[in-house]
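First the structure, in the form of structure tokens, and then the observations on it.
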Amino acid sequence: MPRVVFVRPDGTKQEAHAPDGASVMQAATAHLVPGIVAECGGELSCATCHVFVDEQWLRALPARSEDEEEMLEATSEEPTDASRLCCQITLNASLDGIVVHIPKTQK
């Protein structure tokens, strides 16, 4: 089961495991990770699961879709090249240990 490391704005880390095929957002909500609101439940219709993917993991992810790019414009924290909606990151063995940073605020 892939592991996700969530880094809160204060630097506190929380690990969560989820089965292959689950999203990082599903891992966060199943483990009650603070800061991942996920209002739409992963339907790509809100921006409340915004995260900043740790630089070492960016190349392991597929490119953002146009829809994701559009939703990132609605985040409460200024998006960066590392910004992703974690509902769009599907876990598998190659992402075991992925590190994502939670922004201070979500809309």
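Here, A, B, ... name the chains of the structure tokens in the order displayed, residue numbers run from 1 inside each chain, and ligands are numbered from 1 in the same displayed order.
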Considering only strand (DSSP E) as DSSP defines it on the backbone, what residues of stretch 2-83 of chain A qualify? List them as a list in words.
Arg3, Val4, Val5, Phe6, Val7, Lys13, Gln14, Glu15, Ala16, His17, His50, Val51, Phe52, Val53 and Ser83 of chain A
Contact residues around A:Leu72 with only C-alpha atoms at 8 Å, ignoring same-chain residues under 2 positions, as a ChimeraX atom specification
/A:47,50,68-70,74-75,79,83-85
Go ahead and write the residues just picked, all heavy atoms, as a PDB file, in the first residue's frame.
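Final file, part.pdb:
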```pdb
ATOM      1  N   ALA A  47     -11.359  23.601  -5.266  1.00  0.00           N
ATOM      2  CA  ALA A  47      -9.893  23.643  -5.170  1.00  0.00           C
ATOM      3  C   ALA A  47      -9.462  23.473  -3.720  1.00  0.00           C
ATOM      4  O   ALA A  47      -8.435  23.997  -3.306  1.00  0.00           O
ATOM      5  CB  ALA A  47      -9.376  24.957  -5.745  1.00  0.00           C
ATOM      6  N   HIS A  50      -5.917  21.438  -2.571  1.00  0.00           N
ATOM      7  CA  HIS A  50      -4.670  21.968  -3.121  1.00  0.00           C
ATOM      8  C   HIS A  50      -3.490  21.547  -2.245  1.00  0.00           C
ATOM      9  O   HIS A  50      -3.561  21.635  -1.019  1.00  0.00           O
ATOM     10  CB  HIS A  50      -4.782  23.491  -3.180  1.00  0.00           C
ATOM     11  CG  HIS A  50      -3.582  24.189  -3.673  1.00  0.00           C
ATOM     12  ND1 HIS A  50      -3.226  25.437  -3.209  1.00  0.00           N
ATOM     13  CD2 HIS A  50      -2.644  23.859  -4.584  1.00  0.00           C
ATOM     14  CE1 HIS A  50      -2.124  25.834  -3.815  1.00  0.00           C
ATOM     15  NE2 HIS A  50      -1.747  24.889  -4.649  1.00  0.00           N
ATOM     16  N   GLU A  68      -7.656  20.678 -14.361  1.00  0.00           N
ATOM     17  CA  GLU A  68      -6.933  20.905 -13.110  1.00  0.00           C
ATOM     18  C   GLU A  68      -6.274  22.278 -13.119  1.00  0.00           C
ATOM     19  O   GLU A  68      -6.333  23.011 -12.128  1.00  0.00           O
ATOM     20  CB  GLU A  68      -5.901  19.805 -12.865  1.00  0.00           C
ATOM     21  CG  GLU A  68      -5.195  19.950 -11.537  1.00  0.00           C
ATOM     22  CD  GLU A  68      -4.194  18.837 -11.243  1.00  0.00           C
ATOM     23  OE1 GLU A  68      -3.971  17.957 -12.106  1.00  0.00           O
ATOM     24  OE2 GLU A  68      -3.630  18.856 -10.134  1.00  0.00           O
ATOM     25  N   GLU A  69      -5.661  22.637 -14.238  1.00  0.00           N
ATOM     26  CA  GLU A  69      -5.037  23.966 -14.371  1.00  0.00           C
ATOM     27  C   GLU A  69      -6.062  25.057 -14.084  1.00  0.00           C
ATOM     28  O   GLU A  69      -5.784  26.009 -13.355  1.00  0.00           O
ATOM     29  CB  GLU A  69      -4.474  24.162 -15.788  1.00  0.00           C
ATOM     30  CG  GLU A  69      -3.266  23.327 -16.105  1.00  0.00           C
ATOM     31  CD  GLU A  69      -1.973  23.955 -15.636  1.00  0.00           C
ATOM     32  OE1 GLU A  69      -1.978  25.092 -15.107  1.00  0.00           O
ATOM     33  OE2 GLU A  69      -0.944  23.297 -15.781  1.00  0.00           O
ATOM     34  N   GLU A  70      -7.247  24.902 -14.626  1.00  0.00           N
ATOM     35  CA  GLU A  70      -8.315  25.883 -14.436  1.00  0.00           C
ATOM     36  C   GLU A  70      -8.719  25.979 -12.963  1.00  0.00           C
ATOM     37  O   GLU A  70      -8.886  27.072 -12.423  1.00  0.00           O
ATOM     38  CB  GLU A  70      -9.511  25.490 -15.293  1.00  0.00           C
ATOM     39  CG  GLU A  70     -10.509  26.586 -15.500  1.00  0.00           C
ATOM     40  CD  GLU A  70     -11.556  26.177 -16.502  1.00  0.00           C
ATOM     41  OE1 GLU A  70     -11.193  25.948 -17.683  1.00  0.00           O
ATOM     42  OE2 GLU A  70     -12.726  26.070 -16.097  1.00  0.00           O
ATOM     43  N   ALA A  74      -8.326  28.927  -8.817  1.00  0.00           N
ATOM     44  CA  ALA A  74      -9.292  29.281  -7.771  1.00  0.00           C
ATOM     45  C   ALA A  74      -8.796  28.956  -6.361  1.00  0.00           C
ATOM     46  O   ALA A  74      -9.558  29.053  -5.404  1.00  0.00           O
ATOM     47  CB  ALA A  74     -10.603  28.541  -8.034  1.00  0.00           C
ATOM     48  N   THR A  75      -7.543  28.575  -6.208  1.00  0.00           N
ATOM     49  CA  THR A  75      -7.032  28.238  -4.876  1.00  0.00           C
ATOM     50  C   THR A  75      -6.859  29.494  -4.034  1.00  0.00           C
ATOM     51  O   THR A  75      -6.649  30.585  -4.555  1.00  0.00           O
ATOM     52  CB  THR A  75      -5.682  27.491  -4.953  1.00  0.00           C
ATOM     53  OG1 THR A  75      -4.735  28.321  -5.621  1.00  0.00           O
ATOM     54  CG2 THR A  75      -5.823  26.172  -5.680  1.00  0.00           C
ATOM     55  N   PRO A  79      -0.970  29.553  -6.533  1.00  0.00           N
ATOM     56  CA  PRO A  79      -0.403  28.301  -7.059  1.00  0.00           C
ATOM     57  C   PRO A  79       1.021  28.507  -7.581  1.00  0.00           C
ATOM     58  O   PRO A  79       1.394  29.608  -7.981  1.00  0.00           O
ATOM     59  CB  PRO A  79      -1.358  27.910  -8.183  1.00  0.00           C
ATOM     60  CG  PRO A  79      -2.134  29.123  -8.519  1.00  0.00           C
ATOM     61  CD  PRO A  79      -2.076  30.041  -7.340  1.00  0.00           C
ATOM     62  N   SER A  83       2.110  23.098  -7.505  1.00  0.00           N
ATOM     63  CA  SER A  83       0.714  22.977  -7.095  1.00  0.00           C
ATOM     64  C   SER A  83      -0.006  21.861  -7.842  1.00  0.00           C
ATOM     65  O   SER A  83       0.127  21.724  -9.054  1.00  0.00           O
ATOM     66  CB  SER A  83      -0.029  24.293  -7.362  1.00  0.00           C
ATOM     67  OG  SER A  83       0.383  25.286  -6.474  1.00  0.00           O
ATOM     68  N   ARG A  84      -0.755  21.094  -7.068  1.00  0.00           N
ATOM     69  CA  ARG A  84      -1.640  20.062  -7.631  1.00  0.00           C
ATOM     70  C   ARG A  84      -2.883  19.985  -6.777  1.00  0.00           C
ATOM     71  O   ARG A  84      -2.870  20.350  -5.600  1.00  0.00           O
ATOM     72  CB  ARG A  84      -0.954  18.681  -7.626  1.00  0.00           C
ATOM     73  CG  ARG A  84       0.251  18.528  -8.521  1.00  0.00           C
ATOM     74  CD  ARG A  84      -0.028  18.765  -9.990  1.00  0.00           C
ATOM     75  NE  ARG A  84      -0.991  17.860 -10.580  1.00  0.00           N
ATOM     76  CZ  ARG A  84      -0.707  16.790 -11.332  1.00  0.00           C
ATOM     77  NH1 ARG A  84       0.546  16.505 -11.582  1.00  0.00           N
ATOM     78  NH2 ARG A  84      -1.669  16.033 -11.817  1.00  0.00           N
ATOM     79  N   LEU A  85      -3.955  19.511  -7.374  1.00  0.00           N
ATOM     80  CA  LEU A  85      -5.130  19.124  -6.612  1.00  0.00           C
ATOM     81  C   LEU A  85      -4.911  17.669  -6.296  1.00  0.00           C
ATOM     82  O   LEU A  85      -4.733  16.838  -7.196  1.00  0.00           O
ATOM     83  CB  LEU A  85      -6.403  19.355  -7.415  1.00  0.00           C
ATOM     84  CG  LEU A  85      -6.664  20.809  -7.801  1.00  0.00           C
ATOM     85  CD1 LEU A  85      -7.942  20.914  -8.623  1.00  0.00           C
ATOM     86  CD2 LEU A  85      -6.733  21.699  -6.584  1.00  0.00           C
TER      87      LEU A  85
END
```
Run DSSP on the backbone and give me the residues of chain A it puts in helix (DSSP H, G or I), as a list of chain:residue names.
A:Val24, A:Met25, A:Gln26, A:Ala27, A:Ala28, A:Thr29, A:Ala30, A:Glu55, A:Gln56, A:Trp57, A:Leu58, A:Glu66, A:Asp67, A:Glu68, A:Glu69, A:Glu70, A:Met71, A:Leu72, A:Cys86, A:Cys87, A:Gln88, A:Ala93, A:Ser94, A:Leu95
Export, as an mmCIF file, in the first residue's frame, the selected residues with N, CA and C atoms.
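The resulting file, out-v5.cif, is shown below:
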```cif
data_model
loop_
_atom_site.group_PDB
_atom_site.id
_atom_site.type_symbol
_atom_site.label_atom_id
_atom_site.label_comp_id
_atom_site.auth_asym_id
_atom_site.auth_seq_id
_atom_site.Cartn_x
_atom_site.Cartn_y
_atom_site.Cartn_z
ATOM 1 N N VAL A 24 -4.504 10.734 -3.595
ATOM 2 C CA VAL A 24 -3.889 11.320 -2.409
ATOM 3 C C VAL A 24 -4.973 11.972 -1.551
ATOM 4 N N MET A 25 -5.976 12.571 -2.183
ATOM 5 C CA MET A 25 -7.091 13.163 -1.440
ATOM 6 C C MET A 25 -7.840 12.106 -0.637
ATOM 7 N N GLN A 26 -8.089 10.956 -1.228
ATOM 8 C CA GLN A 26 -8.777 9.885 -0.506
ATOM 9 C C GLN A 26 -7.950 9.409 0.681
ATOM 10 N N ALA A 27 -6.644 9.351 0.518
ATOM 11 C CA ALA A 27 -5.772 8.985 1.638
ATOM 12 C C ALA A 27 -5.895 10.023 2.747
ATOM 13 N N ALA A 28 -5.929 11.303 2.363
ATOM 14 C CA ALA A 28 -6.025 12.377 3.352
ATOM 15 C C ALA A 28 -7.347 12.339 4.102
ATOM 16 N N THR A 29 -8.435 12.190 3.386
ATOM 17 C CA THR A 29 -9.736 12.206 4.053
ATOM 18 C C THR A 29 -9.945 10.954 4.900
ATOM 19 N N ALA A 30 -9.441 9.814 4.463
ATOM 20 C CA ALA A 30 -9.579 8.581 5.243
ATOM 21 C C ALA A 30 -8.803 8.654 6.559
ATOM 22 N N GLU A 55 9.413 18.828 -4.472
ATOM 23 C CA GLU A 55 10.123 18.914 -5.757
ATOM 24 C C GLU A 55 10.643 17.566 -6.260
ATOM 25 N N GLN A 56 11.134 16.729 -5.365
ATOM 26 C CA GLN A 56 11.701 15.446 -5.802
ATOM 27 C C GLN A 56 10.654 14.519 -6.421
ATOM 28 N N TRP A 57 9.362 14.787 -6.190
ATOM 29 C CA TRP A 57 8.286 13.931 -6.687
ATOM 30 C C TRP A 57 7.594 14.479 -7.930
ATOM 31 N N LEU A 58 7.857 15.718 -8.289
ATOM 32 C CA LEU A 58 7.131 16.331 -9.407
ATOM 33 C C LEU A 58 7.269 15.559 -10.710
ATOM 34 N N GLU A 66 -6.048 20.214 -18.342
ATOM 35 C CA GLU A 66 -6.565 21.578 -18.498
ATOM 36 C C GLU A 66 -7.559 21.911 -17.391
ATOM 37 N N ASP A 67 -8.405 20.944 -17.039
ATOM 38 C CA ASP A 67 -9.387 21.165 -15.982
ATOM 39 C C ASP A 67 -8.709 21.431 -14.641
ATOM 40 N N GLU A 68 -7.656 20.678 -14.361
ATOM 41 C CA GLU A 68 -6.933 20.905 -13.110
ATOM 42 C C GLU A 68 -6.274 22.278 -13.119
ATOM 43 N N GLU A 69 -5.661 22.637 -14.238
ATOM 44 C CA GLU A 69 -5.037 23.966 -14.371
ATOM 45 C C GLU A 69 -6.062 25.057 -14.084
ATOM 46 N N GLU A 70 -7.247 24.902 -14.626
ATOM 47 C CA GLU A 70 -8.315 25.883 -14.436
ATOM 48 C C GLU A 70 -8.719 25.979 -12.963
ATOM 49 N N MET A 71 -8.882 24.847 -12.310
ATOM 50 C CA MET A 71 -9.277 24.844 -10.901
ATOM 51 C C MET A 71 -8.183 25.429 -10.006
ATOM 52 N N LEU A 72 -6.927 25.230 -10.370
ATOM 53 C CA LEU A 72 -5.833 25.775 -9.570
ATOM 54 C C LEU A 72 -5.861 27.304 -9.536
ATOM 55 N N CYS A 86 -4.884 17.327 -5.017
ATOM 56 C CA CYS A 86 -4.488 15.959 -4.671
ATOM 57 C C CYS A 86 -5.541 14.926 -5.042
ATOM 58 N N CYS A 87 -6.738 15.361 -5.432
ATOM 59 C CA CYS A 87 -7.728 14.411 -5.954
ATOM 60 C C CYS A 87 -7.303 13.891 -7.326
ATOM 61 N N GLN A 88 -6.353 14.570 -7.955
ATOM 62 C CA GLN A 88 -5.906 14.193 -9.290
ATOM 63 C C GLN A 88 -4.603 13.404 -9.285
ATOM 64 N N ALA A 93 2.559 2.036 -6.720
ATOM 65 C CA ALA A 93 3.837 1.682 -6.083
ATOM 66 C C ALA A 93 4.945 2.688 -6.381
ATOM 67 N N SER A 94 4.925 3.295 -7.567
ATOM 68 C CA SER A 94 5.995 4.239 -7.918
ATOM 69 C C SER A 94 5.895 5.548 -7.125
ATOM 70 N N LEU A 95 4.747 5.794 -6.498
ATOM 71 C CA LEU A 95 4.582 7.006 -5.692
ATOM 72 C C LEU A 95 4.664 6.732 -4.191
#
```
Show which residues sit within 12 Å of A:Ala60, as a PyMOL selection string. Count only C-alpha atoms, and ignore same-chain residues fewer than 6 positions away.
chain A and resi 53-54+89-99
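Residues within 7 Å of A:Met1, counting only C-alpha atoms and excluding same-chain residues fewer than 3 positions away, are His17, Ala18, Pro19 and Asp20 of chain A.
Across the model, the gap from atom CA of A:Thr12 to atom CA of A:Glu73 is 26.7 Å.
Atom CA of A:Val51 to atom CA of A:His101 spans 5.6 Å [interatomic distance, one decimal].
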Computed interatomic separation between atom CA of A:Pro103 and atom CA of A:Lys13 (Å):
13.2 Å
